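So the structure is just underneath, and the comments pick up after that.
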Amino acid sequence: MKILYSHNPEERIDGIKEELAPHEVIFHPHSLQEGEWNGEGIEILSVFVSSKVGETELAKLPQLKLVTTRSTGFDHIDVEAVKKRGVAVATVPDYGSHTVAEFAFSLLLYLARNLEEANRRVVVDGSFDPQGLTGFELFGKTLGVLGTGKIGRNLIKIAQGFGMKVVAFDAYPDYDFARDKNFAYLELEALLASSDIVSLHLPENTETHHILNQERIAKMKKGAVLINTARGTLLDTEALVWGLEQGIIKAAGLDVLAEEGFVADEMRLLKEKHPEAESLKTLLLNHYLIDHPRVLITPHTAFNTEEALERITTTTIQNILNFARGEPTNLVP
């Protein structure tokens, strides 16, 4: 079969070709929205979250049979449009459940002890003065976990190791797991009102889009810390700014932002028509957050460990090989 492997890891090209032999692999170094690529004859498309797959891309791929994304989430794929063409969608269901949970907790530790300012003071100012660097302990604090999938569950275990109390919200609560790990499921508003720290671990869909809006942020415990390593659009950016200004949110650690692609490459704003005015507003608010002294922003790198990247590649290759032999795995239902 002919495979288009988009946004490829340069250091793994030879290994990927070898593992997918005798299938033909064509590598495109960028997302599908960047650079030129030829979709003629392509039967399998491998993409990362940076590539959108919708009607425009499908029109260039008339022989396509499978889209396999190198991620757990698939909100960058128009699944309805893809399936309408009889094309299957496969994912990597678990590659970074420990990786992302560890990163989420590292953001919390960083904020709890003001490590960014502490390091800046030593490196930039040459000062070893601890004044103004007072942090807070995690022991005894309440962590509210939104979403108890694999990542959320691992975060719960880490938090309990630090002596934290845990409460959780999930549309499909696992009460057996809650009893085993000694935490309680709460309604969302009750969780927000009682949590010292709120961490987001939900998928992006119509139910979770802006699940934290201004109305809900207003119900958060005053002085709470917010962590988001899931999807930027779970959080209404304007509401987050409001929460910071009101003192409801003490600090935020964000590995994802709404419109983060445009934040990463402002030159695109000069070349491309922005989708809509509301998105531009979000973009500008993101820049407010980047400069905020109590907001820590990282470049969507929670997944980025050697172990997780190896699992992504291994599972993707297996998805392709299994599909080619008529035994598809990890398909989106």
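Chain lettering (A, B, ...) mirrors the order of the structure tokens, residue numbering begins at 1 for each chain separately, and ligand numbering begins at 1 in order of display.
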Would you mind writing down, as a list in words, each residue of stretch 90-177 of chain A that DSSP on the backbone assigns to strand (DSSP E or B)?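 So the strand (DSSP E or B) residues in stretch 90-177 of chain A would be Ala90, Thr142, Leu143, Gly144, Val145, Leu146, Lys165, Val166, Val167, Ala168 and Phe169 of chain A.
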Can those selected residues be exported to a file as a compact mmCIF listing (two decimals), in the first residue's frame so that it contains C-alpha atoms?
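Output saved as again.txt:
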```
# COMPACT_ATOMS: atom_id res chain seq x y z
CA ALA A 90 -7.25 4.78 13.91
CA THR A 142 -7.60 19.16 47.51
CA LEU A 143 -6.98 18.30 43.86
CA GLY A 144 -10.01 18.28 41.55
CA VAL A 145 -9.47 16.07 38.51
CA LEU A 146 -11.76 16.61 35.51
CA LYS A 165 -7.04 14.79 48.96
CA VAL A 166 -8.61 14.02 45.57
CA VAL A 167 -12.07 14.62 44.16
CA ALA A 168 -13.04 13.99 40.55
CA PHE A 169 -15.63 14.65 37.88
```
Close residues, A:Thr233 itself excluded, 9 Å, only C-alpha atoms, min 3 positions apart in chain, as a PDB file with N, CA and C atoms, in the first residue's frame:
```
ATOM      1  N   GLU A 204     -11.788  16.697  23.861  1.00  0.00           N
ATOM      2  CA  GLU A 204     -12.518  17.825  23.281  1.00  0.00           C
ATOM      3  C   GLU A 204     -13.701  17.302  22.487  1.00  0.00           C
ATOM      4  N   THR A 208     -17.700  19.082  26.134  1.00  0.00           N
ATOM      5  CA  THR A 208     -16.605  19.589  26.961  1.00  0.00           C
ATOM      6  C   THR A 208     -16.044  20.924  26.468  1.00  0.00           C
ATOM      7  N   HIS A 209     -16.448  21.367  25.271  1.00  0.00           N
ATOM      8  CA  HIS A 209     -15.961  22.642  24.744  1.00  0.00           C
ATOM      9  C   HIS A 209     -16.316  23.771  25.726  1.00  0.00           C
ATOM     10  N   HIS A 210     -15.300  24.511  26.179  1.00  0.00           N
ATOM     11  CA  HIS A 210     -15.477  25.590  27.154  1.00  0.00           C
ATOM     12  C   HIS A 210     -16.205  25.098  28.405  1.00  0.00           C
ATOM     13  N   ILE A 211     -15.846  23.895  28.852  1.00  0.00           N
ATOM     14  CA  ILE A 211     -16.472  23.375  30.072  1.00  0.00           C
ATOM     15  C   ILE A 211     -16.154  24.281  31.259  1.00  0.00           C
ATOM     16  N   ALA A 230      -4.676  19.129  28.502  1.00  0.00           N
ATOM     17  CA  ALA A 230      -5.549  18.339  27.633  1.00  0.00           C
ATOM     18  C   ALA A 230      -5.771  19.032  26.290  1.00  0.00           C
ATOM     19  N   ASP A 236     -12.401  28.460  28.345  1.00  0.00           N
ATOM     20  CA  ASP A 236     -12.713  29.736  27.699  1.00  0.00           C
ATOM     21  C   ASP A 236     -11.606  30.720  28.086  1.00  0.00           C
ATOM     22  N   THR A 237     -10.799  31.106  27.109  1.00  0.00           N
ATOM     23  CA  THR A 237      -9.625  31.940  27.394  1.00  0.00           C
ATOM     24  C   THR A 237     -10.020  33.272  28.031  1.00  0.00           C
ATOM     25  N   VAL A 256      -1.511  23.811  26.778  1.00  0.00           N
ATOM     26  CA  VAL A 256      -2.322  23.951  25.568  1.00  0.00           C
ATOM     27  C   VAL A 256      -3.083  25.269  25.625  1.00  0.00           C
ATOM     28  N   LEU A 257      -3.275  25.861  24.458  1.00  0.00           N
ATOM     29  CA  LEU A 257      -4.016  27.110  24.330  1.00  0.00           C
ATOM     30  C   LEU A 257      -4.968  27.006  23.149  1.00  0.00           C
ATOM     31  N   ALA A 258      -6.106  27.671  23.263  1.00  0.00           N
ATOM     32  CA  ALA A 258      -6.942  27.839  22.079  1.00  0.00           C
ATOM     33  C   ALA A 258      -6.156  28.688  21.089  1.00  0.00           C
ATOM     34  N   GLU A 259      -6.239  28.343  19.799  1.00  0.00           N
ATOM     35  CA  GLU A 259      -5.506  29.069  18.750  1.00  0.00           C
ATOM     36  C   GLU A 259      -3.997  28.991  18.936  1.00  0.00           C
TER      37      GLU A 259
END
```
Using only C-alpha atoms, which residue out of A:Glu327, A:Asp291, A:Glu307, A:Glu116 lies closest to A:Asp94?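 Smallest separation from A:Asp94 among the options: A:Glu307.
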Residues of stretch 120-314 of chain A in helix (DSSP H, G or I) according to DSSP, as a PyMOL selection string? chain A and resi 120-125+150-161+175-181+188-194+214-217+232-234+237-246+260-264+267-271+277-290+306-314
Smallest atom-to-atom distance to A:Ala104: which of A:Lys65, A:Arg120, A:His201, A:Lys281, using only C-alpha atoms?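 Selected residue with least distance to A:Ala104: A:His201.
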At a cut-off of 10 Å, using only C-alpha atoms, what residues contact A:Arg311? Leave out same-chain residues fewer than 5 positions from it and give the result as a ChimeraX atom specification. /A:70,92,94-96,305-306,316-317
Selection file, C-alpha atoms, as a compact mmCIF listing (two decimals), in the first residue's frame:
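What ended up in part-v4.txt:
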```
# COMPACT_ATOMS: atom_id res chain seq x y z
CA ARG A 70 -0.29 9.62 16.04
CA VAL A 92 -2.91 5.61 19.55
CA ASP A 94 -2.40 5.07 25.20
CA TYR A 95 1.12 6.35 24.73
CA GLY A 96 1.57 9.00 27.37
CA THR A 305 9.31 12.03 26.30
CA GLU A 306 11.51 9.46 24.59
CA THR A 316 1.11 3.71 14.54
CA ILE A 317 3.22 1.24 12.57
```
Using only C-alpha atoms: which of A:Ser279, A:Thr229, A:Gln246, A:Thr314 has the shortest distance to A:Ile151: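 Closest to A:Ile151 of all the choices is A:Thr229.
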Determine, counting only C-alpha atoms, which protein, DNA and RNA residues have an atom within 7 Å of an atom of A:Ile77; residues of the same chain fewer than 6 positions away are not included. Present the result as a ChimeraX atom specification. /A:52-54
